[in-house]
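Everything below belongs to input25.cif, which stores mmCIF, C-alpha atoms.
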data_structure
#
loop_
_atom_site.label_atom_id
_atom_site.label_comp_id
_atom_site.auth_asym_id
_atom_site.auth_seq_id
_atom_site.Cartn_x
_atom_site.Cartn_y
_atom_site.Cartn_z
CA MET A 1 -23.28 10.87 -17.70
CA PRO A 2 -22.94 9.17 -21.10
CA SER A 3 -20.42 10.89 -23.38
CA GLU A 4 -23.10 11.63 -25.98
CA GLU A 5 -25.09 13.80 -23.57
CA ALA A 6 -22.00 15.53 -22.26
CA THR A 7 -20.42 16.43 -25.61
CA GLY A 8 -23.28 16.35 -28.14
CA ILE A 9 -21.30 13.96 -30.35
CA ARG A 10 -23.55 11.27 -31.76
CA VAL A 11 -22.32 8.04 -33.28
CA HIS A 12 -24.49 6.52 -36.01
CA LEU A 13 -22.94 3.07 -35.96
CA ASP A 14 -26.28 1.37 -35.34
CA GLU A 15 -27.83 2.79 -38.49
CA LEU A 16 -24.79 2.03 -40.65
CA LEU A 17 -24.58 -1.56 -39.40
CA ALA A 18 -28.26 -2.07 -40.23
CA GLU A 19 -27.86 -0.48 -43.68
CA ARG A 20 -24.82 -2.57 -44.53
CA GLY A 21 -26.23 -5.75 -42.99
CA ILE A 22 -23.13 -6.36 -40.82
CA THR A 23 -23.15 -7.47 -37.21
CA LEU A 24 -21.12 -5.74 -34.54
CA THR A 25 -19.02 -8.86 -34.04
CA GLU A 26 -18.14 -9.07 -37.74
CA LEU A 27 -17.24 -5.40 -37.89
CA ALA A 28 -15.08 -5.70 -34.78
CA ALA A 29 -13.13 -8.57 -36.36
CA ARG A 30 -12.60 -6.63 -39.61
CA VAL A 31 -11.61 -3.40 -37.90
CA GLY A 32 -9.34 -5.03 -35.30
CA VAL A 33 -11.11 -3.62 -32.25
CA THR A 34 -12.66 -5.70 -29.50
CA VAL A 35 -16.43 -6.19 -29.52
CA VAL A 36 -16.55 -4.60 -26.07
CA ASN A 37 -14.88 -1.42 -27.29
CA LEU A 38 -17.03 -1.26 -30.42
CA SER A 39 -20.09 -1.71 -28.23
CA VAL A 40 -18.91 1.20 -26.08
CA LEU A 41 -18.73 3.31 -29.26
CA LYS A 42 -22.12 2.14 -30.50
CA ASN A 43 -23.85 2.93 -27.20
CA GLY A 44 -22.48 6.45 -27.00
CA ARG A 45 -20.23 5.77 -24.02
CA ALA A 46 -16.92 6.29 -25.78
CA LYS A 47 -14.95 9.37 -24.77
CA ALA A 48 -12.45 9.35 -27.61
CA VAL A 49 -11.76 7.57 -30.91
CA ARG A 50 -8.35 6.94 -32.44
CA PHE A 51 -7.92 8.11 -36.03
CA SER A 52 -6.77 4.59 -36.93
CA THR A 53 -10.04 3.15 -35.59
CA LEU A 54 -12.10 5.82 -37.38
CA ALA A 55 -10.26 5.16 -40.66
CA ALA A 56 -10.79 1.39 -40.34
CA LEU A 57 -14.51 1.88 -39.63
CA CYS A 58 -14.92 4.15 -42.65
CA ARG A 59 -13.06 1.63 -44.81
CA GLU A 60 -15.21 -1.33 -43.73
CA LEU A 61 -18.50 0.57 -43.75
CA ASP A 62 -17.63 2.42 -46.98
CA CYS A 63 -18.57 5.78 -45.56
CA GLN A 64 -17.13 9.14 -44.53
CA PRO A 65 -16.43 10.21 -40.92
CA GLY A 66 -19.35 12.61 -41.19
CA ASP A 67 -21.67 9.67 -41.89
CA LEU A 68 -20.48 7.96 -38.74
CA ILE A 69 -20.27 10.93 -36.36
CA SER A 70 -22.37 14.06 -36.06
CA HIS A 71 -22.62 16.88 -33.58
CA GLY A 72 -25.77 18.25 -32.04
CA PRO A 73 -26.73 20.18 -28.89
CA GLY A 74 -25.33 18.53 -25.79
CA LEU A 75 -26.80 18.54 -22.23
CA GLY A 76 -27.48 22.07 -20.99
CA THR A 77 -26.80 23.63 -24.35
CA GLU A 78 -30.38 23.54 -25.68
CA ALA A 79 -31.28 26.66 -23.65
CA GLU A 80 -28.59 28.56 -25.53
CA GLY A 81 -30.59 28.15 -28.72
CA ALA A 82 -33.50 30.26 -27.43
CA ASN A 83 -34.86 32.79 -29.94
CA ILE A 84 -33.72 36.34 -29.52
CA GLU A 85 -36.48 38.84 -30.12
CA PRO A 86 -35.58 41.89 -32.22
CA MET B 87 25.68 -11.77 -25.89
CA ALA B 88 23.45 -9.53 -23.79
CA PHE B 89 21.45 -11.27 -21.11
CA LEU B 90 17.91 -9.94 -20.74
CA MET B 91 15.96 -10.74 -17.64
CA ARG B 92 12.32 -9.98 -17.90
CA LEU B 93 10.57 -9.48 -14.60
CA ARG B 94 6.89 -10.13 -14.70
CA TRP B 95 4.31 -10.35 -11.94
CA THR B 96 2.30 -13.51 -12.46
CA ARG B 97 -0.74 -14.98 -10.78
CA ALA B 98 1.53 -17.37 -8.88
CA ASP B 99 3.40 -14.39 -7.43
CA SER B 100 0.09 -12.91 -6.26
CA VAL B 101 -0.91 -16.17 -4.62
CA ILE B 102 2.45 -16.56 -2.88
CA MET B 103 2.44 -12.98 -1.64
CA GLN B 104 -1.12 -13.28 -0.42
CA GLY B 105 -0.19 -16.47 1.41
CA VAL B 106 2.80 -14.82 3.06
CA LEU B 107 0.74 -11.79 4.10
CA LEU B 108 -2.03 -13.96 5.53
CA ALA B 109 0.56 -15.98 7.45
CA VAL B 110 2.05 -12.75 8.84
CA ALA B 111 -1.45 -11.51 9.76
CA PHE B 112 -2.15 -14.79 11.56
CA LEU B 113 1.14 -14.68 13.51
CA VAL B 114 0.66 -11.04 14.46
CA SER B 115 -2.92 -11.73 15.58
CA LEU B 116 -1.70 -14.70 17.61
CA SER B 117 1.00 -12.56 19.20
CA THR B 118 -1.61 -9.91 20.06
CA PHE B 119 -3.88 -12.50 21.65
CA VAL B 120 -1.06 -14.05 23.69
CA THR B 121 0.17 -10.62 24.81
CA LEU B 122 -3.32 -9.52 25.87
CA VAL B 123 -3.95 -12.75 27.77
CA TRP B 124 -0.55 -12.45 29.46
CA ALA B 125 -1.11 -8.81 30.41
CA LEU B 126 -4.70 -9.08 31.62
CA PHE B 127 -4.98 -12.54 33.09
CA ALA B 128 -1.65 -12.85 34.90
CA VAL B 129 -0.40 -15.83 32.94
CA PRO B 130 2.82 -17.02 34.67
CA SER B 131 5.58 -14.85 33.26
CA GLY B 132 7.87 -17.83 32.88
CA LEU B 133 5.76 -19.05 29.97
CA THR B 134 6.32 -15.86 27.96
CA GLY B 135 9.85 -14.90 28.90
CA TRP B 136 10.30 -12.42 26.07
CA LEU B 137 7.47 -10.22 27.38
CA ASN B 138 8.66 -9.61 30.95
CA GLN B 139 11.96 -8.00 30.08
CA VAL B 140 12.95 -4.56 28.88
CA PRO B 141 16.32 -3.49 27.39
CA ALA B 142 18.26 -0.57 28.83
CA HIS B 143 21.70 1.01 28.77
CA HIS B 144 23.78 1.47 31.89
CA THR B 145 25.69 4.72 32.38
CA PRO B 146 29.47 4.75 31.78
CA HIS B 147 30.49 4.94 35.45
CA VAL B 148 28.83 1.56 36.15
CA PRO B 149 31.51 -1.12 35.85
CA SER B 150 30.70 -3.88 33.39
CA ALA B 151 32.45 -7.18 33.06
CA VAL B 152 34.08 -8.22 29.83
CA PRO B 153 32.81 -11.62 28.68
CA GLU B 154 35.51 -14.27 28.85
CA VAL B 155 35.79 -15.02 25.14
CA THR B 156 39.08 -16.36 23.81
CA VAL B 157 40.43 -14.06 21.10
CA LEU B 158 42.71 -15.77 18.58
CA ALA B 159 43.84 -12.74 16.59
CA ASP B 160 46.33 -10.15 17.92
CA ASP B 161 44.54 -7.17 16.42
CA ALA B 162 41.08 -7.92 17.87
CA GLU B 163 39.65 -7.49 21.35
CA ILE B 164 36.39 -8.07 23.19
CA ARG B 165 34.66 -5.10 24.76
CA SER B 166 31.82 -5.09 27.21
CA SER B 167 28.52 -3.65 26.11
CA GLU B 168 26.52 -0.96 27.85
CA GLU B 169 23.33 -2.85 27.08
CA VAL B 170 21.53 -4.57 29.91
CA VAL B 171 18.22 -6.41 30.16
CA LEU B 172 15.92 -5.71 33.09
CA LEU B 173 13.94 -8.86 33.84
CA PHE B 174 10.77 -8.77 35.94
CA GLN B 175 10.27 -12.09 37.71
CA ASP B 176 6.62 -11.61 38.64
CA PRO B 177 5.28 -8.36 37.21
CA GLY B 178 2.05 -6.89 38.54
CA LEU B 179 -0.82 -5.66 36.36
CA ARG B 180 0.64 -2.16 35.89
CA GLN B 181 4.03 -3.54 34.91
CA ARG B 182 2.44 -6.09 32.57
CA LEU B 183 0.48 -3.37 30.79
CA LEU B 184 3.62 -1.25 30.42
CA LEU B 185 5.56 -4.24 29.09
CA ALA B 186 2.77 -5.18 26.68
CA ALA B 187 1.97 -1.68 25.33
CA PRO B 188 4.86 -1.40 22.83
CA VAL B 189 4.23 -4.97 21.59
CA LEU B 190 0.50 -4.33 21.14
CA LEU B 191 1.13 -1.07 19.32
CA TRP B 192 3.66 -2.70 17.00
CA ASN B 193 1.22 -5.55 16.30
CA ALA B 194 -1.61 -3.10 15.54
CA LEU B 195 0.56 -1.19 13.06
CA ALA B 196 1.84 -4.40 11.44
CA LEU B 197 -1.72 -5.71 11.05
CA ALA B 198 -2.86 -2.41 9.51
CA VAL B 199 0.03 -2.52 7.01
CA VAL B 200 -0.77 -6.14 6.07
CA LEU B 201 -4.46 -5.32 5.50
CA VAL B 202 -3.65 -2.34 3.27
CA VAL B 203 -1.15 -4.36 1.22
CA LEU B 204 -3.70 -7.20 0.87
CA ASN B 205 -6.21 -4.72 -0.57
CA LEU B 206 -3.54 -3.39 -2.95
CA LEU B 207 -2.80 -6.92 -4.05
CA ARG B 208 -6.47 -7.57 -4.69
CA SER B 209 -6.67 -4.59 -7.05
CA LEU B 210 -3.59 -5.89 -8.86
CA ARG B 211 -5.27 -9.29 -9.26
CA GLU B 212 -8.38 -7.59 -10.65
CA GLY B 213 -6.17 -6.00 -13.31
CA ASP B 214 -6.78 -2.37 -12.39
CA PRO B 215 -4.17 -1.02 -9.94
CA PHE B 216 -4.18 2.64 -11.06
CA VAL B 217 -7.30 3.71 -9.22
CA PRO B 218 -7.81 6.50 -6.66
CA ALA B 219 -8.35 3.92 -3.91
CA ASN B 220 -4.77 2.67 -4.34
CA VAL B 221 -3.44 6.22 -4.13
CA ARG B 222 -5.11 6.51 -0.73
CA ARG B 223 -3.79 3.08 0.28
CA VAL B 224 -0.17 3.93 -0.50
CA TYR B 225 -0.50 7.25 1.35
CA THR B 226 -1.95 5.26 4.26
CA LEU B 227 1.08 2.95 4.18
CA ALA B 228 3.40 5.97 4.22
CA ALA B 229 1.54 7.42 7.20
CA LEU B 230 1.60 4.09 9.07
CA VAL B 231 5.34 3.67 8.52
CA LEU B 232 6.09 7.27 9.55
CA PHE B 233 3.76 7.06 12.54
CA GLY B 234 5.24 3.74 13.58
CA SER B 235 8.87 4.73 13.19
CA LEU B 236 8.40 7.87 15.28
CA LEU B 237 5.79 6.73 17.78
CA LEU B 238 6.97 3.20 18.58
CA PRO B 239 10.40 4.23 19.95
CA MET B 240 8.70 7.00 21.97
CA VAL B 241 6.15 4.64 23.46
CA GLY B 242 8.90 2.13 24.20
CA ALA B 243 10.98 4.82 25.88
CA PHE B 244 8.11 6.10 28.04
CA CYS B 245 7.11 2.60 29.07
CA GLY B 246 10.75 1.78 29.82
CA ILE B 247 11.12 4.90 31.99
CA ALA B 248 7.93 4.05 33.88
CA LEU B 249 9.05 0.46 34.38
CA ARG B 250 12.51 1.38 35.64
CA HIS B 251 11.16 3.99 38.09
CA GLY B 252 11.75 2.71 41.60
CA VAL B 253 13.33 -0.50 40.29
CA VAL B 254 16.87 0.60 39.39
CA GLU B 255 19.10 3.44 40.59
CA PRO B 256 18.37 6.39 38.22
CA SER B 257 22.01 7.42 38.03
CA GLU B 258 23.09 4.00 36.85
CA VAL B 259 20.71 3.51 33.91
CA ALA B 260 20.35 5.91 30.97
CA LEU B 261 16.96 7.63 30.80
CA VAL B 262 16.70 7.24 27.05
CA SER B 263 19.16 5.73 24.61
CA PHE B 264 19.12 5.76 20.80
CA THR B 265 21.45 5.67 17.83
CA LEU B 266 21.21 7.86 14.75
CA ASN B 267 22.28 6.10 11.58
CA PRO B 268 20.50 5.18 8.31
CA GLY B 269 19.75 1.70 9.62
CA SER B 270 18.29 2.76 12.97
CA GLY B 271 14.57 2.89 13.59
CA PRO B 272 13.34 6.46 13.09
CA LEU B 273 15.60 7.37 10.17
CA ALA B 274 14.92 4.16 8.24
CA GLY B 275 11.20 4.58 8.79
CA VAL B 276 11.19 8.22 7.69
CA LEU B 277 13.15 7.34 4.53
CA LEU B 278 10.79 4.46 3.76
CA SER B 279 7.74 6.68 4.25
CA LEU B 280 9.23 9.22 1.79
CA VAL B 281 9.67 6.42 -0.75
CA LEU B 282 6.03 5.43 -0.22
CA VAL B 283 4.88 9.02 -0.70
CA ALA B 284 6.75 9.11 -4.02
CA LEU B 285 5.10 5.80 -4.96
CA ALA B 286 1.69 7.24 -4.08
CA GLU B 287 2.37 10.10 -6.50
CA VAL B 288 3.23 7.53 -9.18
CA PHE B 289 -0.10 5.82 -8.54
CA ARG B 290 -1.93 9.16 -8.64
CA ARG B 291 -0.48 10.09 -12.03
CA GLY B 292 -1.11 6.57 -13.29
CA SER B 293 -4.71 6.90 -12.16
CA GLN B 294 -5.01 10.20 -14.05
CA MET B 295 -3.50 8.70 -17.19
CA ARG B 296 -5.82 5.74 -16.92
CA ASP B 297 -8.76 8.09 -16.60
CA ASP B 298 -7.61 9.94 -19.73
CA VAL B 299 -7.75 6.79 -21.84
CA ASP B 300 -10.85 5.39 -20.21
CA GLY B 301 -13.48 5.19 -22.93
CA LEU B 302 -10.92 5.49 -25.73
CA VAL B 303 -11.79 3.30 -28.69
#
Could you render the structure as structure tokens?
Amino acid sequence: MPSEEATGIRVHLDELLAERGITLTELAARVGVTVVNLSVLKNGRAKAVRFSTLAALCRELDCQPGDLISHGPGLGTEAEGANIEP
Amino acid sequence: MAFLMRLRWTRADSVIMQGVLLAVAFLVSLSTFVTLVWALFAVPSGLTGWLNQVPAHHTPHVPSAVPEVTVLADDAEIRSSEEVVLLFQDPGLRQRLLLAAPVLLWNALALAVVLVVLNLLRSLREGDPFVPANVRRVYTLAALVLFGSLLLPMVGAFCGIALRHGVVEPSEVALVSFTLNPGSGPLAGVLLSLVLVALAEVFRRGSQMRDDVDGLV
């Protein structure tokens, strides 16, 4: 199961790369992370991110961590949001 | 000046070890084939002299001659040994099977160990040794060593007893003989299997740690 579905953590690297006009390879070189690892992050398969990596990404993309990562309902949690009738 | 020696496992080491293991596997397989052919097809026993003999110990009341070796020092002496070798000139099928059984069992265990170590080596070459499969492999090695160190002497002893029955005077040859010291068969094997169990635990924790950082960016 991809990490995104399991935890509800979504990574918006795709959108930020498109907005900034940077390729994944360029960003990987600037941040000091391998393209493979950055691809893992982009595709929602990462299970954890180092603070140093997060800080470097925010620096190069000129954004805040909240722009890069968001949290939504994960797998099996959507049923918990059912309306409760008074 | 401090001397630092850095030990590092290189690709050349993997190739050499694989070559040695494959050579051992070939020799063990060859030995198995020769032993089976000898046991089943009545190959003349003179061609495979090491197979048609079994060691034994004579009892103390049997006189044994001291070898005539010239001793040059005053504080040394030559003593006779209680070890004897029972040689079968023309063993029948039953005797051949009893003589071959311990050899075949040893070969089977040795081949199993070589195959497991080859698979371990392959995972090392692939760059990912801390995987659950290697935990199972090291536990398998521990079980093979323990099984072998306990079972092989027992099988040898039973086959020896069966071979000596009706061939030598029972009162003149010890039924079973063994020595208990760290270097002797069962104890050394048990100690080695304990070391392998500890190594398997190292691999298991390494596998867990690897799993923890899997997917870490």
Could you tell me which residues the PyMOL selection byres ((chain A) within 10 of (chain B)) returns for this structure, as a PDB file with C-alpha atoms, in the coordinates of the input?
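The resulting selection31.pdb:
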ATOM      1  CA  SER A   3     -20.420  10.890 -23.380  1.00  0.00           C
ATOM      2  CA  VAL A  33     -11.110  -3.620 -32.250  1.00  0.00           C
ATOM      3  CA  THR A  34     -12.660  -5.700 -29.500  1.00  0.00           C
ATOM      4  CA  VAL A  36     -16.550  -4.600 -26.070  1.00  0.00           C
ATOM      5  CA  ASN A  37     -14.880  -1.420 -27.290  1.00  0.00           C
ATOM      6  CA  LEU A  38     -17.030  -1.260 -30.420  1.00  0.00           C
ATOM      7  CA  SER A  39     -20.090  -1.710 -28.230  1.00  0.00           C
ATOM      8  CA  VAL A  40     -18.910   1.200 -26.080  1.00  0.00           C
ATOM      9  CA  LEU A  41     -18.730   3.310 -29.260  1.00  0.00           C
ATOM     10  CA  GLY A  44     -22.480   6.450 -27.000  1.00  0.00           C
ATOM     11  CA  ARG A  45     -20.230   5.770 -24.020  1.00  0.00           C
ATOM     12  CA  ALA A  46     -16.920   6.290 -25.780  1.00  0.00           C
ATOM     13  CA  LYS A  47     -14.950   9.370 -24.770  1.00  0.00           C
ATOM     14  CA  ALA A  48     -12.450   9.350 -27.610  1.00  0.00           C
ATOM     15  CA  VAL A  49     -11.760   7.570 -30.910  1.00  0.00           C
ATOM     16  CA  ARG A  50      -8.350   6.940 -32.440  1.00  0.00           C
ATOM     17  CA  PHE A  51      -7.920   8.110 -36.030  1.00  0.00           C
ATOM     18  CA  SER A  52      -6.770   4.590 -36.930  1.00  0.00           C
ATOM     19  CA  THR A  53     -10.040   3.150 -35.590  1.00  0.00           C
ATOM     20  CA  LEU A  54     -12.100   5.820 -37.380  1.00  0.00           C
TER      21      LEU A  54
END
Given 6 Å of margin on each side, can you work out the centre and size in Å (one decimal) of an axis-aligned box holding every listed atom of stretch 98-117 of chain B, as AutoDock Vina command-line options?
--center_x 0.2 --center_y -14.2 --center_z 5.2 --size_x 18.3 --size_y 18.3 --size_z 40.1
Would you pick out the contacts of A:Ser70 at 8 Å or less, using all atoms listed in the file, so that residues sharing its chain but fewer than 5 positions from it are not included, and give the list as a PDB file with C-alpha atoms, keeping the file's coordinate frame?
ATOM      1  CA  ILE A   9     -21.300  13.960 -30.350  1.00  0.00           C
ATOM      2  CA  ARG A  10     -23.550  11.270 -31.760  1.00  0.00           C
ATOM      3  CA  VAL A  11     -22.320   8.040 -33.280  1.00  0.00           C
ATOM      4  CA  HIS A  12     -24.490   6.520 -36.010  1.00  0.00           C
TER       5      HIS A  12
END
Open item on the list: Starting from the PyMOL selection byres ((chain B and resi 176-187) around 9), expand the selection into actual residues of this file and give them as number ranges by chain.
Closed with: B: 121-122, 124-128, 130-132, 137-140, 174-175, 188-192, 241-242, 244-246, 248-249
Task: Gap from atom CA of B:Leu232 to atom CA of B:Asn193 - Å, one decimal - done: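 Computing it gives 15.3 Å between the two atoms.
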- [ ] Considering only C-alpha atoms, state which residue in the set A:His71, A:Glu60, A:Asn43, A:Ala28 is at the smallest distance from A:Leu13.
- [x]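 Nearest candidate to A:Leu13 out of A:His71, A:Glu60, A:Asn43, A:Ala28: A:Asn43.
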With N, CA, C and O atoms as the goal, would you fill in the gaps in stretch 89-104 of chain B and present it as a short mmCIF file (atom, residue, chain, number, x, y, z; two decimals), in the coordinates of the input?
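That gives us out_18.cif:
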data_model
loop_
_atom_site.label_atom_id
_atom_site.label_comp_id
_atom_site.auth_asym_id
_atom_site.auth_seq_id
_atom_site.Cartn_x
_atom_site.Cartn_y
_atom_site.Cartn_z
N PHE B 89 22.41 -10.44 -21.83
CA PHE B 89 21.45 -11.27 -21.11
C PHE B 89 20.29 -10.40 -20.66
O PHE B 89 20.45 -9.42 -19.97
N LEU B 90 19.09 -10.72 -21.11
CA LEU B 90 17.91 -9.94 -20.74
C LEU B 90 17.07 -10.72 -19.76
O LEU B 90 16.69 -11.85 -20.01
N MET B 91 16.82 -10.10 -18.61
CA MET B 91 15.96 -10.74 -17.64
C MET B 91 14.65 -9.97 -17.58
O MET B 91 14.63 -8.78 -17.27
N ARG B 92 13.62 -10.65 -17.91
CA ARG B 92 12.32 -9.98 -17.90
C ARG B 92 11.59 -10.31 -16.61
O ARG B 92 11.34 -11.48 -16.32
N LEU B 93 11.30 -9.28 -15.84
CA LEU B 93 10.57 -9.48 -14.60
C LEU B 93 9.10 -9.29 -14.88
O LEU B 93 8.71 -8.28 -15.46
N ARG B 94 8.32 -10.23 -14.46
CA ARG B 94 6.89 -10.13 -14.70
C ARG B 94 6.14 -10.66 -13.50
O ARG B 94 6.48 -11.71 -12.96
N TRP B 95 5.13 -9.94 -13.08
CA TRP B 95 4.31 -10.35 -11.94
C TRP B 95 3.24 -11.30 -12.47
O TRP B 95 2.39 -10.91 -13.24
N THR B 96 3.27 -12.53 -11.98
CA THR B 96 2.30 -13.51 -12.46
C THR B 96 1.28 -13.81 -11.37
O THR B 96 1.41 -13.36 -10.22
N ARG B 97 0.30 -14.60 -11.72
CA ARG B 97 -0.74 -14.98 -10.78
C ARG B 97 -0.14 -15.77 -9.62
O ARG B 97 -0.56 -15.63 -8.47
N ALA B 98 0.87 -16.59 -9.94
CA ALA B 98 1.53 -17.37 -8.88
C ALA B 98 2.19 -16.44 -7.86
O ALA B 98 2.15 -16.71 -6.65
N ASP B 99 2.78 -15.36 -8.35
CA ASP B 99 3.40 -14.39 -7.43
C ASP B 99 2.34 -13.78 -6.51
O ASP B 99 2.59 -13.60 -5.31
N SER B 100 1.17 -13.47 -7.08
CA SER B 100 0.09 -12.91 -6.26
C SER B 100 -0.34 -13.89 -5.18
O SER B 100 -0.54 -13.52 -4.02
N VAL B 101 -0.46 -15.16 -5.57
CA VAL B 101 -0.91 -16.17 -4.62
C VAL B 101 0.11 -16.34 -3.50
O VAL B 101 -0.24 -16.41 -2.32
N ILE B 102 1.39 -16.39 -3.89
CA ILE B 102 2.45 -16.56 -2.88
C ILE B 102 2.48 -15.38 -1.92
O ILE B 102 2.54 -15.55 -0.69
N MET B 103 2.39 -14.16 -2.50
CA MET B 103 2.44 -12.98 -1.64
C MET B 103 1.23 -12.92 -0.72
O MET B 103 1.35 -12.58 0.46
N GLN B 104 0.07 -13.28 -1.25
CA GLN B 104 -1.12 -13.28 -0.42
C GLN B 104 -0.97 -14.29 0.72
O GLN B 104 -1.33 -14.01 1.86
#
